[in-house]
file upload_19.tsv (TSV, C-alpha atoms and all ligand atoms)
chain	number	residue	atom	x	y	z
W	4	MET	CA	0.00	0.00	0.00
W	5	LYS	CA	1.23	3.48	-0.90
W	6	CYS	CA	1.38	6.62	1.22
W	7	ARG	CA	-1.32	9.04	0.04
W	8	LYS	CA	1.03	12.03	0.57
W	9	CYS	CA	4.37	10.96	-0.92
W	10	GLY	CA	3.71	7.67	-2.71
W	11	GLY	CA	6.25	5.89	-0.48
W	12	SER	CA	5.48	2.68	1.31
W	13	ALA	CA	2.65	3.08	3.85
W	14	VAL	CA	3.03	1.82	7.44
W	15	ILE	CA	-0.57	2.40	8.46
W	16	ASN	CA	-3.89	2.17	6.68
W	17	MET	CA	-6.72	3.98	8.49
W	18	ARG	CA	-9.90	2.67	6.90
W	19	GLN	CA	-11.98	5.06	9.02
W	20	HIS	CA	-10.23	8.01	7.36
W	21	LYS	CA	-9.66	6.27	3.98
W	22	LEU	CA	-6.02	7.21	4.43
W	23	ALA	CA	-2.72	5.30	4.27
W	24	LEU	CA	0.54	7.01	5.26
W	25	CYS	CA	4.27	6.33	5.46
W	26	ALA	CA	6.11	6.63	8.79
W	27	GLU	CA	7.32	10.17	8.21
W	28	ASP	CA	4.00	11.56	7.01
W	29	TYR	CA	2.12	9.74	9.77
W	30	ALA	CA	4.41	11.22	12.45
W	31	ALA	CA	3.46	14.68	11.12
W	32	TRP	CA	-0.24	13.96	10.43
W	33	LEU	CA	-1.23	12.73	13.90
W	34	PRO	CA	0.00	15.83	15.83
W	35	ASP	CA	-1.98	17.95	13.32
W	36	GLN	CA	-5.13	15.98	14.17
W	37	VAL	CA	-4.50	16.47	17.90
W	38	GLN	CA	-3.94	20.19	17.35
W	39	LYS	CA	-7.34	20.35	15.62
W	40	SER	CA	-9.03	18.78	18.66
W	41	ILE	CA	-7.18	21.14	21.03
W	42	GLU	CA	-8.50	24.10	19.02
W	43	LYS	CA	-12.00	22.75	18.35
W	44	TYR	CA	-12.71	22.05	22.03
W	45	ARG	CA	-10.72	25.09	23.22
W	46	MET	CA	-8.54	22.95	25.48
W	47	PHE	CA	-5.56	25.27	25.92
W	48	THR	CA	-3.21	27.60	24.05
W	49	SER	CA	0.55	28.01	24.02
W	50	ALA	CA	0.16	30.52	26.87
W	51	ASP	CA	-1.04	27.71	29.16
W	52	LYS	CA	1.06	25.62	31.50
W	53	VAL	CA	-0.04	22.03	30.90
W	54	LEU	CA	0.43	19.01	33.18
W	55	VAL	CA	0.31	15.65	31.38
W	56	ALA	CA	-0.61	12.66	33.55
W	57	VAL	CA	1.73	9.92	32.33
W	58	SER	CA	1.24	6.27	33.15
W	59	GLY	CA	4.14	4.91	31.09
W	60	GLY	CA	1.68	3.66	28.45
W	61	LYS	CA	1.61	4.51	24.72
W	62	ASP	CA	-1.26	7.00	24.99
W	63	SER	CA	0.08	9.29	27.68
W	64	LEU	CA	3.73	9.15	26.55
W	65	GLY	CA	2.58	9.64	22.94
W	66	LEU	CA	0.48	12.61	24.06
W	67	TRP	CA	3.43	14.17	25.89
W	68	ASP	CA	5.55	13.73	22.76
W	69	ILE	CA	2.86	15.31	20.56
W	70	LEU	CA	2.32	18.29	22.87
W	71	CYS	CA	6.05	19.01	22.95
W	72	LYS	CA	6.25	18.64	19.16
W	73	LEU	CA	3.39	21.12	18.84
W	74	GLY	CA	5.34	23.58	21.00
W	75	TYR	CA	3.27	23.50	24.20
W	76	LYS	CA	4.82	23.89	27.65
W	77	ALA	CA	4.03	20.53	29.24
W	78	ASP	CA	5.39	18.92	32.41
W	79	GLY	CA	4.55	15.33	33.38
W	80	LEU	CA	3.09	13.70	36.47
W	81	TYR	CA	3.62	10.04	37.29
W	82	ILE	CA	1.74	8.47	40.20
W	83	GLY	CA	3.41	5.37	41.68
W	84	LEU	CA	0.63	2.98	42.65
W	85	GLY	CA	2.77	0.14	44.04
W	86	ILE	CA	1.24	-2.50	41.72
W	87	ASP	CA	3.48	-5.46	40.99
W	88	GLY	CA	1.39	-8.12	39.22
W	89	GLY	CA	4.41	-10.45	39.14
W	90	PHE	CA	6.31	-8.27	36.66
W	91	GLY	CA	6.89	-4.98	38.49
W	92	TYR	CA	4.08	-3.12	36.65
W	93	SER	CA	4.46	0.14	38.57
W	94	ASP	CA	8.27	0.07	38.69
W	95	GLN	CA	8.51	-0.48	34.94
W	96	SER	CA	5.92	2.24	34.24
W	97	ARG	CA	7.82	4.74	36.34
W	98	GLN	CA	11.14	3.85	34.77
W	99	LEU	CA	9.76	4.27	31.23
W	100	SER	CA	8.13	7.59	32.11
W	101	GLN	CA	11.38	8.86	33.66
W	102	GLN	CA	13.38	7.61	30.68
W	103	PHE	CA	11.13	9.54	28.29
W	104	ALA	CA	11.37	12.71	30.41
W	105	ASP	CA	15.17	12.48	30.64
W	106	ALA	CA	15.60	11.78	26.93
W	107	HIS	CA	13.57	14.90	26.05
W	108	GLY	CA	14.82	17.16	28.87
W	109	LEU	CA	11.32	17.36	30.38
W	110	ARG	CA	10.22	17.78	33.97
W	111	LEU	CA	8.43	14.82	35.57
W	112	HIS	CA	6.75	15.11	38.96
W	113	VAL	CA	6.59	11.79	40.76
W	114	VAL	CA	4.18	11.05	43.59
W	115	GLU	CA	4.68	7.61	45.11
W	116	VAL	CA	1.47	6.73	46.96
W	117	GLU	CA	3.17	4.38	49.43
W	118	SER	CA	6.00	6.66	50.55
W	119	THR	CA	3.75	9.75	50.56
W	120	TYR	CA	0.68	8.39	52.29
W	121	GLY	CA	1.63	5.04	53.85
W	122	ALA	CA	0.33	2.12	51.75
W	123	THR	CA	0.31	0.77	48.20
W	124	ILE	CA	-2.92	0.77	46.19
W	125	PRO	CA	-3.44	-3.03	46.45
W	126	GLU	CA	-2.88	-2.79	50.22
W	127	LEU	CA	-5.29	0.12	50.45
W	128	ALA	CA	-7.93	-1.88	48.58
W	129	VAL	CA	-7.73	-4.76	51.05
W	130	ILE	CA	-7.77	-2.53	54.15
W	131	SER	CA	-10.61	-0.32	52.94
W	132	ASN	CA	-12.60	-3.25	51.54
W	133	ARG	CA	-14.00	-0.91	48.92
W	134	GLY	CA	-14.71	-2.77	45.68
W	135	HIS	CA	-14.40	-6.09	47.61
W	136	GLY	CA	-10.62	-5.84	47.72
W	137	LYS	CA	-10.31	-5.10	43.96
W	138	PRO	CA	-8.06	-2.07	43.68
W	139	CYS	CA	-9.59	-0.27	40.67
W	140	SER	CA	-12.02	1.95	42.56
W	141	VAL	CA	-9.58	3.12	45.28
W	142	CYS	CA	-6.96	3.48	42.57
W	143	GLY	CA	-9.24	5.77	40.57
W	144	LEU	CA	-10.06	7.82	43.65
W	145	ASN	CA	-6.35	8.28	44.48
W	146	LYS	CA	-5.33	9.08	40.91
W	147	ARG	CA	-8.09	11.67	40.48
W	148	TYR	CA	-7.25	13.30	43.82
W	149	ILE	CA	-3.49	13.44	43.28
W	150	MET	CA	-3.77	14.63	39.67
W	151	ASN	CA	-6.15	17.40	40.64
W	152	ARG	CA	-4.04	18.43	43.59
W	153	VAL	CA	-0.71	18.55	41.78
W	154	ALA	CA	-2.25	20.41	38.82
W	155	HIS	CA	-4.08	22.92	40.98
W	156	ASP	CA	-1.36	23.51	43.59
W	157	GLY	CA	1.36	23.57	40.93
W	158	GLY	CA	-0.40	26.38	39.04
W	159	TYR	CA	-1.06	24.30	35.91
W	160	THR	CA	-3.90	25.69	33.79
W	161	ALA	CA	-4.76	22.35	32.20
W	162	LEU	CA	-4.42	18.72	33.26
W	163	ALA	CA	-4.18	16.49	30.18
W	164	THR	CA	-4.80	12.74	30.28
W	165	GLY	CA	-4.13	10.20	27.55
W	166	HIS	CA	-7.73	8.95	27.22
W	167	ASN	CA	-8.12	7.97	23.56
W	168	LEU	CA	-11.22	7.47	21.41
W	169	ASP	CA	-11.48	3.78	22.33
W	170	ASP	CA	-11.44	4.67	26.06
W	171	GLU	CA	-14.09	7.34	25.59
W	172	VAL	CA	-16.34	5.17	23.47
W	173	ALA	CA	-16.11	2.20	25.88
W	174	VAL	CA	-17.25	4.47	28.74
W	175	LEU	CA	-19.92	6.01	26.53
W	176	MET	CA	-21.27	2.58	25.66
W	177	GLN	CA	-21.36	1.53	29.31
W	178	ASN	CA	-23.17	4.71	30.34
W	179	THR	CA	-25.62	4.36	27.45
W	180	LEU	CA	-26.39	0.72	28.26
W	181	VAL	CA	-27.62	1.75	31.71
W	182	TRP	CA	-28.75	5.28	30.70
W	183	ALA	CA	-26.56	6.91	33.32
W	184	GLY	CA	-27.82	10.43	32.58
W	185	GLY	CA	-25.55	12.24	35.04
W	186	TYR	CA	-22.42	10.54	33.72
W	187	LEU	CA	-23.45	11.11	30.10
W	188	ALA	CA	-24.00	14.79	30.86
W	189	ARG	CA	-20.48	15.06	32.32
W	190	GLN	CA	-18.55	13.05	29.71
W	191	ALA	CA	-16.72	15.62	27.58
W	192	PRO	CA	-13.34	16.46	26.02
W	193	VAL	CA	-12.99	19.32	28.56
W	194	LEU	CA	-14.09	19.54	32.18
W	195	GLU	CA	-13.97	23.15	33.27
W	196	ALA	CA	-12.44	24.16	36.61
W	197	ASN	CA	-15.74	25.67	37.64
W	198	ARG	CA	-15.26	25.34	41.40
W	199	PRO	CA	-12.44	26.59	43.63
W	200	GLY	CA	-9.77	23.93	44.06
W	201	LEU	CA	-10.57	22.10	40.81
W	202	ALA	CA	-8.10	21.80	37.95
W	203	ARG	CA	-9.24	22.10	34.32
W	204	LYS	CA	-9.18	18.62	32.73
W	205	VAL	CA	-8.67	17.97	29.03
W	206	LYS	CA	-8.45	14.91	26.77
W	207	PRO	CA	-6.56	15.91	23.61
W	208	LEU	CA	-6.63	12.32	22.22
W	209	CYS	CA	-10.41	11.95	22.45
W	210	ARG	CA	-10.72	11.57	18.65
W	211	VAL	CA	-7.62	9.40	18.17
W	212	TYR	CA	-8.03	5.61	17.85
W	213	GLU	CA	-6.01	3.43	20.23
W	214	ARG	CA	-4.47	1.71	17.19
W	215	GLU	CA	-3.32	5.10	15.89
W	216	MET	CA	-1.54	5.81	19.18
W	217	ALA	CA	0.20	2.41	19.08
W	218	ALA	CA	1.39	3.17	15.53
W	219	TYR	CA	2.56	6.64	16.60
W	220	ALA	CA	4.65	5.21	19.46
W	221	LEU	CA	6.18	2.78	17.00
W	222	VAL	CA	7.12	5.33	14.34
W	223	ARG	CA	8.47	7.74	16.97
W	224	GLY	CA	10.42	4.99	18.74
W	225	ILE	CA	8.71	5.65	22.08
W	226	GLU	CA	9.37	2.87	24.58
W	227	TYR	CA	6.26	2.19	26.65
W	228	ILE	CA	4.80	-0.50	28.87
W	229	TYR	CA	2.87	-2.97	26.72
W	230	ASP	CA	1.04	-4.70	29.54
W	231	GLU	CA	-2.25	-3.41	30.85
W	232	CYS	CA	-2.56	-3.00	34.61
W	233	PRO	CA	-2.86	-6.59	35.92
W	234	HIS	CA	-6.05	-5.61	37.76
W	235	ALA	CA	-7.77	-4.47	34.56
W	236	VAL	CA	-8.00	-8.04	33.24
W	237	GLY	CA	-11.64	-9.02	32.83
W	238	SER	CA	-12.93	-5.46	33.31
W	239	THR	CA	-16.15	-4.19	31.71
W	240	THR	CA	-14.14	-1.61	29.80
W	241	ILE	CA	-12.04	-4.29	28.11
W	242	ALA	CA	-15.16	-6.32	27.27
W	243	ASN	CA	-16.83	-3.23	25.79
W	244	LYS	CA	-13.73	-2.47	23.73
W	245	GLU	CA	-13.89	-5.96	22.19
W	246	VAL	CA	-17.52	-5.49	21.15
W	247	LEU	CA	-16.75	-2.06	19.73
W	248	ASN	CA	-13.77	-3.44	17.80
W	249	GLN	CA	-16.06	-6.00	16.15
W	250	LEU	CA	-18.42	-3.22	15.17
W	251	GLU	CA	-15.54	-1.14	13.80
W	252	GLU	CA	-14.30	-4.13	11.81
W	253	SER	CA	-17.53	-4.35	9.85
W	254	ARG	CA	-18.20	-0.59	9.78
W	255	PRO	CA	-14.96	1.42	9.69
W	256	GLY	CA	-15.49	4.74	11.47
W	257	ALA	CA	-18.32	3.45	13.70
W	258	LYS	CA	-16.52	4.32	16.94
W	259	LEU	CA	-15.69	7.84	15.83
W	260	GLN	CA	-19.22	8.41	14.59
W	261	PHE	CA	-20.73	7.14	17.86
W	262	TYR	CA	-18.56	9.55	19.85
W	263	LEU	CA	-18.92	12.61	17.63
W	264	ASN	CA	-22.68	12.18	17.28
W	265	PHE	CA	-22.91	11.86	21.06
W	266	LEU	CA	-21.08	15.18	21.50
W	267	GLN	CA	-23.39	16.77	18.94
W	268	ALA	CA	-26.50	15.40	20.65
W	269	LYS	CA	-25.19	16.70	23.95
W	270	ALA	CA	-24.54	20.14	22.50
W	271	ALA	CA	-28.14	20.10	21.21
W	272	GLY	CA	-29.36	19.53	24.78
W	273	LEU	CA	-30.25	15.82	24.65
W	274	PHE	CA	-28.54	15.05	27.96
W	275	ASN	CA	-29.46	18.15	29.92
W	276	VAL	CA	-30.16	16.63	33.30
W	277	PRO	CA	-30.87	18.87	36.30
W	278	ALA	CA	-27.66	19.76	38.10
W	279	SER	CA	-27.04	17.62	41.17
W	280	GLU	CA	-28.35	19.13	44.38
W	281	ALA	CA	-25.14	18.18	46.17
W	282	GLU	CA	-23.03	21.29	46.75
W	283	LEU	CA	-19.25	21.14	46.70
W	284	HIS	CA	-17.41	22.47	49.71
W	285	ALA	CA	-13.81	22.38	50.94
W	286	CYS	CA	-12.77	19.19	52.78
W	287	GLU	CA	-12.24	20.03	56.48
W	288	ARG	CA	-8.91	18.29	56.47
W	289	CYS	CA	-7.20	18.92	53.12
W	290	GLY	CA	-9.25	21.73	51.59
W	291	GLN	CA	-9.95	19.89	48.29
W	292	PRO	CA	-13.49	20.26	46.92
W	293	THR	CA	-15.89	17.48	47.94
W	294	THR	CA	-19.59	16.67	48.06
W	295	ALA	CA	-19.14	14.50	51.17
W	296	PRO	CA	-20.00	16.21	54.46
W	297	GLY	CA	-16.89	17.02	56.55
W	298	GLU	CA	-13.89	15.22	55.10
W	299	CYS	CA	-13.50	14.16	51.47
W	300	SER	CA	-13.50	10.45	50.59
W	301	PHE	CA	-9.74	10.51	50.00
W	302	CYS	CA	-9.04	11.77	53.55
W	303	ARG	CA	-11.58	9.38	55.08
W	304	LEU	CA	-10.03	6.46	53.25
W	305	TRP	CA	-6.51	7.32	54.42
W	306	ASP	CA	-7.71	7.96	58.00
W	307	LYS	CA	-9.00	4.42	58.09
W	308	VAL	CA	-5.78	2.99	56.66
W	309	ARG	CA	-3.61	4.91	59.13
W	310	THR	CA	-5.72	3.67	62.03
W	311	VAL	CA	-5.54	0.04	60.86
W	312	LYS	CA	-1.79	0.21	60.17
W	313	GLY	CA	-1.03	2.28	63.27
W	314	LEU	CA	0.66	4.95	61.17
W	315	PRO	CA	1.36	8.42	62.55
W	316	GLU	CA	-1.13	11.16	61.83
W	317	CYS	CA	-0.31	12.99	58.63
W	318	VAL	CA	-1.69	16.45	58.20
W	319	PRO	CA	-2.57	16.95	54.55
W	320	ALA	CA	-3.36	20.60	55.27
W	321	ALA	CA	0.42	21.05	55.44
W	322	LEU	CA	0.64	19.99	51.80
W	323	GLY	CA	0.21	23.58	50.67
W	324	ALA	CA	2.77	24.57	48.07
W	325	MET	CA	4.07	21.70	46.03
W	326	PRO	CA	7.81	21.17	46.43
W	327	ASP	CA	10.03	19.95	43.67
W	328	SER	CA	8.57	16.63	42.76
W	329	GLN	CA	6.75	15.20	45.75
W	330	PHE	CA	4.37	16.15	48.47
W	331	PRO	CA	6.11	16.36	51.85
W	332	GLN	CA	5.24	13.44	54.12
E	401	LIG	P1	-6.36	4.52	32.60
E	401	LIG	O1	-7.36	4.98	33.58
E	401	LIG	O2	-5.35	3.59	33.17
E	401	LIG	O3	-6.94	4.07	31.29
E	401	LIG	O4	-5.52	5.81	32.22
E	401	LIG	C1	-6.10	6.93	31.62
E	401	LIG	C2	-5.12	8.08	31.70
E	401	LIG	O5	-4.89	8.42	33.07
E	401	LIG	C3	-3.74	7.79	31.14
E	401	LIG	O6	-3.70	7.99	29.75
E	401	LIG	C4	-2.90	8.78	31.87
E	401	LIG	O7	-3.03	10.08	31.30
E	401	LIG	C5	-3.54	8.81	33.25
E	401	LIG	N1	-2.88	7.85	34.18
E	401	LIG	C6	-3.19	6.55	34.37
E	401	LIG	N2	-2.36	5.99	35.29
E	401	LIG	C7	-1.52	6.97	35.70
E	401	LIG	C8	-0.43	7.03	36.63
E	401	LIG	N3	-0.06	5.96	37.33
E	401	LIG	N4	0.20	8.21	36.79
E	401	LIG	C9	-0.18	9.31	36.09
E	401	LIG	N5	-1.19	9.30	35.20
E	401	LIG	C10	-1.86	8.15	35.00
E	402	LIG	FE1	-5.39	1.28	39.02
E	402	LIG	FE2	-5.09	-0.84	37.67
E	402	LIG	S1	-5.98	-0.70	39.57
E	402	LIG	S2	-4.31	1.11	37.21
E	403	ZN	ZN	-9.65	15.81	52.02
call {"tool": "encode", "arguments": {"input": "upload_19.tsv", "output": "structure tokens", "more": "lines below"}}
Ligand code: AMP
Ligand code: FES
Ligand code: ZN
result
Amino acid sequence: MKCRKCGGSAVINMRQHKLALCAEDYAAWLPDQVQKSIEKYRMFTSADKVLVAVSGGKDSLGLWDILCKLGYKADGLYIGLGIDGGFGYSDQSRQLSQQFADAHGLRLHVVEVESTYGATIPELAVISNRGHGKPCSVCGLNKRYIMNRVAHDGGYTALATGHNLDDEVAVLMQNTLVWAGGYLARQAPVLEANRPGLARKVKPLCRVYEREMAAYALVRGIEYIYDECPHAVGSTTIANKEVLNQLEESRPGAKLQFYLNFLQAKAAGLFNVPASEAELHACERCGQPTTAPGECSFCRLWDKVRTVKGLPECVPAALGAMPDSQFPQ
């Protein structure tokens, strides 16, 4: 197959775009597509200070690479979850993220959950018994909290995650299957920082297929962790992705159409659900915004863990200004 731009030999054929490209043209084409999304959804401009949440995977490292190529000021944040899975999942992810940062002269903030707060994510899951000992829900809670906190306290004007089109469509399908109106109303390429203490969240890869990100990492020579988180095996998201891939196979472009039509329907008011009655207020302990009365769920979770493990009291209120790359203990 020939590259549509130069006639050279194509490395990727994107049936959804009726476009085949060679390595060089593809490495230039994809950042252009991302730039279009950044502009279309008014994510940020070159005046912004962006924080990219990097997991060591192809999407977030590819995103960091693209943002730098496009000339944005973007630092990284890696959160060490303490997940081993028999192959050092978290250690490898951190090492690959650090390696990328060093090779490109970029700044990477690292927050290790265990050394900062006192337990690994799998340990936290067992102690808290949330999600019946499965770590995904406490993991999500910790990642969201830490990302928001580092972005907000560090003065970043946008927090970018590597969620790609396949991620977005899998969530969309799940929320549609159960008509989760509130979640559908909130799913968007940009979540505004409309309350004090909240960081602005953006997903620049929301229109990029997962397969396109894998190809980008390959042509750019980005080393990333191939394995999924060991706890993700058997998840609903993975099952949804398989169904959606079958659909895409028979109807190229189906995933993109599902997502873009959803955004259009939302803009036309189809998912206008009444705003939740629950008011956000500052957590009594750490000051982060929360709907829970008193302390936020992050602080309550860690209170419980510290009591069970007999750890000394840590005062998150002291975590005011963010030092170099970690919260103080
Ligand atoms: P996931 O929820 O694992 O599909 O990841 C979605 C996005 O969240 C990734 O593309 C990253 O931007 C971010 N992310 C996931 N894990 C981490 C981590 N350990 N540290 C920093 N960011 C992460
Ligand atoms: Fe959080 Fe798997 S449990 S990344
Ligand atoms: Zn709190």
call {"tool": "closest_atom_pairs", "arguments": {"input": "upload_19.tsv", "of": "chain W", "to": "ligand ZN 403 (chain E)", "cutoff": "9 Å", "atoms": "all atoms listed in the file", "output": "CSV"}}
result
residue,atom,partner,partner_atom,distance
W:Tyr148,CA,E:ZN403,ZN,8.9
W:Ala285,CA,E:ZN403,ZN,7.9
W:Cys286,CA,E:ZN403,ZN,4.7
W:Glu287,CA,E:ZN403,ZN,6.7
W:Arg288,CA,E:ZN403,ZN,5.1
W:Cys289,CA,E:ZN403,ZN,4.1
W:Gly290,CA,E:ZN403,ZN,5.9
W:Gln291,CA,E:ZN403,ZN,5.5
W:Pro292,CA,E:ZN403,ZN,7.8
W:Thr293,CA,E:ZN403,ZN,7.6
W:Gly297,CA,E:ZN403,ZN,8.6
W:Glu298,CA,E:ZN403,ZN,5.3
W:Cys299,CA,E:ZN403,ZN,4.2
W:Ser300,CA,E:ZN403,ZN,6.8
W:Phe301,CA,E:ZN403,ZN,5.7
W:Cys302,CA,E:ZN403,ZN,4.4
W:Arg303,CA,E:ZN403,ZN,7.4
W:Pro319,CA,E:ZN403,ZN,7.6
W:Ala320,CA,E:ZN403,ZN,8.5
call {"tool": "atom_distance", "arguments": {"input": "upload_19.tsv", "atom1": "CA of Ser63 (chain W)", "atom2": "CA of Val211 (chain W)"}}
result
12.2 Å
call {"tool": "closest_residue", "arguments": {"input": "upload_19.tsv", "among": "W:Val205, W:Ala257, W:Leu24, W:Ala173", "to": "Lys5 (chain W)", "atoms": "only C-alpha atoms"}}
result
W:Leu24
call {"tool": "residues_near_ligand", "arguments": {"input": "upload_19.tsv", "ligand": "ligand LIG 402 (chain E)", "cutoff": "8 Å", "atoms": "only C-alpha atoms and all ligand atoms", "output": "ChimeraX atom specification"}}
result
/W:84,86,124-125,137-143,231-235
call {"tool": "closest_residue", "arguments": {"input": "upload_19.tsv", "among": "W:Lys76, W:Lys21, W:Arg97, W:Lys269", "to": "Leu187 (chain W)", "atoms": "all atoms listed in the file"}}
result
W:Lys269
call {"tool": "atom_distance", "arguments": {"input": "upload_19.tsv", "atom1": "CA of Glu245 (chain W)", "atom2": "atom C4 of ligand LIG 401 (chain E)"}}
result
20.8 Å
call {"tool": "closest_residue", "arguments": {"input": "upload_19.tsv", "among": "W:Lys244, W:Arg133, W:Arg152, W:Lys43", "to": "Asn167 (chain W)", "atoms": "all atoms listed in the file"}}
result
W:Lys244
call {"tool": "atom_distance", "arguments": {"input": "upload_19.tsv", "atom1": "CA of Gly59 (chain W)", "atom2": "CA of Ile228 (chain W)"}}
result
5.9 Å
call {"tool": "closest_residue", "arguments": {"input": "upload_19.tsv", "among": "W:Tyr227, W:Trp182, W:Phe274, W:Tyr120", "to": "ligand LIG 401 (chain E)", "atoms": "only C-alpha atoms and all ligand atoms"}}
result
W:Tyr227
call {"tool": "closest_residue", "arguments": {"input": "upload_19.tsv", "among": "W:Val181, W:Leu168, W:Cys71, W:Val153", "to": "Phe261 (chain W)", "atoms": "all atoms listed in the file"}}
result
W:Leu168
call {"tool": "closest_residue", "arguments": {"input": "upload_19.tsv", "among": "W:Ala56, W:Leu283, W:Leu22, W:Cys209", "to": "Lys39 (chain W)", "atoms": "only C-alpha atoms"}}
result
W:Cys209
call {"tool": "axis_aligned_box", "arguments": {"input": "upload_19.tsv", "around": "ligand LIG 401 (chain E)", "padding_each_side": "5 Å", "output": "JSON"}}
result
{"center_x": -3.6, "center_y": 6.8, "center_z": 33.5, "size_x": 17.6, "size_y": 16.5, "size_z": 17.6}
call {"tool": "closest_atom_pairs", "arguments": {"input": "upload_19.tsv", "of": "chain W", "to": "ligand LIG 401 (chain E)", "cutoff": "9 Å", "atoms": "all atoms listed in the file", "output": "tab-separated table"}}
result
residue	atom	partner	partner_atom	distance
W:Val55	CA	E:LIG401	O7	6.5
W:Ala56	CA	E:LIG401	N5	3.8
W:Val57	CA	E:LIG401	N5	4.1
W:Ser58	CA	E:LIG401	C7	3.8
W:Gly59	CA	E:LIG401	C8	7.5
W:Gly60	CA	E:LIG401	O6	7.0
W:Lys61	CA	E:LIG401	O6	8.1
W:Asp62	CA	E:LIG401	O6	5.4
W:Ser63	CA	E:LIG401	O6	4.5
W:Leu64	CA	E:LIG401	O6	8.2
W:Leu66	CA	E:LIG401	O7	8.4
W:Gly79	CA	E:LIG401	C9	8.1
W:Leu80	CA	E:LIG401	C9	5.5
W:Tyr81	CA	E:LIG401	N4	3.9
W:Ile82	CA	E:LIG401	N4	3.8
W:Gly83	CA	E:LIG401	N3	5.6
W:Leu84	CA	E:LIG401	N3	6.1
W:Ser93	CA	E:LIG401	N3	7.5
W:Ser96	CA	E:LIG401	N3	7.7
W:Arg97	CA	E:LIG401	N3	8.0
W:Val113	CA	E:LIG401	N4	8.3
W:Val114	CA	E:LIG401	N4	8.4
W:Cys142	CA	E:LIG401	N2	9.0
W:Gly143	CA	E:LIG401	O1	7.3
W:Lys146	CA	E:LIG401	C7	6.8
W:Arg147	CA	E:LIG401	O5	8.7
W:Ile149	CA	E:LIG401	C9	8.9
W:Met150	CA	E:LIG401	C9	7.3
W:Leu162	CA	E:LIG401	O7	9.0
W:Ala163	CA	E:LIG401	O7	6.6
W:Thr164	CA	E:LIG401	O7	3.4
W:Gly165	CA	E:LIG401	O6	3.1
W:His166	CA	E:LIG401	O6	4.9
W:Asn167	CA	E:LIG401	O6	7.6
W:Asp170	CA	E:LIG401	O3	6.9
W:Lys206	CA	E:LIG401	O7	8.6
W:Glu231	CA	E:LIG401	O2	8.0
W:Cys232	CA	E:LIG401	O2	7.3
W:Ala235	CA	E:LIG401	O2	8.5
call {"tool": "write_last_selection", "arguments": {"input": "upload_19.tsv", "atoms": "C-alpha atoms", "output": "PDB file, in the frame of the given file"}}
result
ATOM      1  CA  VAL W  55       0.310  15.650  31.380  1.00  0.00           C
ATOM      2  CA  ALA W  56      -0.610  12.660  33.550  1.00  0.00           C
ATOM      3  CA  VAL W  57       1.730   9.920  32.330  1.00  0.00           C
ATOM      4  CA  SER W  58       1.240   6.270  33.150  1.00  0.00           C
ATOM      5  CA  GLY W  59       4.140   4.910  31.090  1.00  0.00           C
ATOM      6  CA  GLY W  60       1.680   3.660  28.450  1.00  0.00           C
ATOM      7  CA  LYS W  61       1.610   4.510  24.720  1.00  0.00           C
ATOM      8  CA  ASP W  62      -1.260   7.000  24.990  1.00  0.00           C
ATOM      9  CA  SER W  63       0.080   9.290  27.680  1.00  0.00           C
ATOM     10  CA  LEU W  64       3.730   9.150  26.550  1.00  0.00           C
ATOM     11  CA  LEU W  66       0.480  12.610  24.060  1.00  0.00           C
ATOM     12  CA  GLY W  79       4.550  15.330  33.380  1.00  0.00           C
ATOM     13  CA  LEU W  80       3.090  13.700  36.470  1.00  0.00           C
ATOM     14  CA  TYR W  81       3.620  10.040  37.290  1.00  0.00           C
ATOM     15  CA  ILE W  82       1.740   8.470  40.200  1.00  0.00           C
ATOM     16  CA  GLY W  83       3.410   5.370  41.680  1.00  0.00           C
ATOM     17  CA  LEU W  84       0.630   2.980  42.650  1.00  0.00           C
ATOM     18  CA  SER W  93       4.460   0.140  38.570  1.00  0.00           C
ATOM     19  CA  SER W  96       5.920   2.240  34.240  1.00  0.00           C
ATOM     20  CA  ARG W  97       7.820   4.740  36.340  1.00  0.00           C
ATOM     21  CA  VAL W 113       6.590  11.790  40.760  1.00  0.00           C
ATOM     22  CA  VAL W 114       4.180  11.050  43.590  1.00  0.00           C
ATOM     23  CA  CYS W 142      -6.960   3.480  42.570  1.00  0.00           C
ATOM     24  CA  GLY W 143      -9.240   5.770  40.570  1.00  0.00           C
ATOM     25  CA  LYS W 146      -5.330   9.080  40.910  1.00  0.00           C
ATOM     26  CA  ARG W 147      -8.090  11.670  40.480  1.00  0.00           C
ATOM     27  CA  ILE W 149      -3.490  13.440  43.280  1.00  0.00           C
ATOM     28  CA  MET W 150      -3.770  14.630  39.670  1.00  0.00           C
ATOM     29  CA  LEU W 162      -4.420  18.720  33.260  1.00  0.00           C
ATOM     30  CA  ALA W 163      -4.180  16.490  30.180  1.00  0.00           C
ATOM     31  CA  THR W 164      -4.800  12.740  30.280  1.00  0.00           C
ATOM     32  CA  GLY W 165      -4.130  10.200  27.550  1.00  0.00           C
ATOM     33  CA  HIS W 166      -7.730   8.950  27.220  1.00  0.00           C
ATOM     34  CA  ASN W 167      -8.120   7.970  23.560  1.00  0.00           C
ATOM     35  CA  ASP W 170     -11.440   4.670  26.060  1.00  0.00           C
ATOM     36  CA  LYS W 206      -8.450  14.910  26.770  1.00  0.00           C
ATOM     37  CA  GLU W 231      -2.250  -3.410  30.850  1.00  0.00           C
ATOM     38  CA  CYS W 232      -2.560  -3.000  34.610  1.00  0.00           C
ATOM     39  CA  ALA W 235      -7.770  -4.470  34.560  1.00  0.00           C
TER      40      ALA W 235
END
call {"tool": "closest_atom_pairs", "arguments": {"input": "upload_19.tsv", "of": "region 82-193 of chain W", "to": "region 264-268 of chain W", "cutoff": "9 Å", "atoms": "all atoms listed in the file", "output": "CSV"}}
result
residue,atom,partner,partner_atom,distance
W:Leu175,CA,W:Phe265,CA,8.5
W:Gln190,CA,W:Leu266,CA,8.9
W:Ala191,CA,W:Leu266,CA,7.5
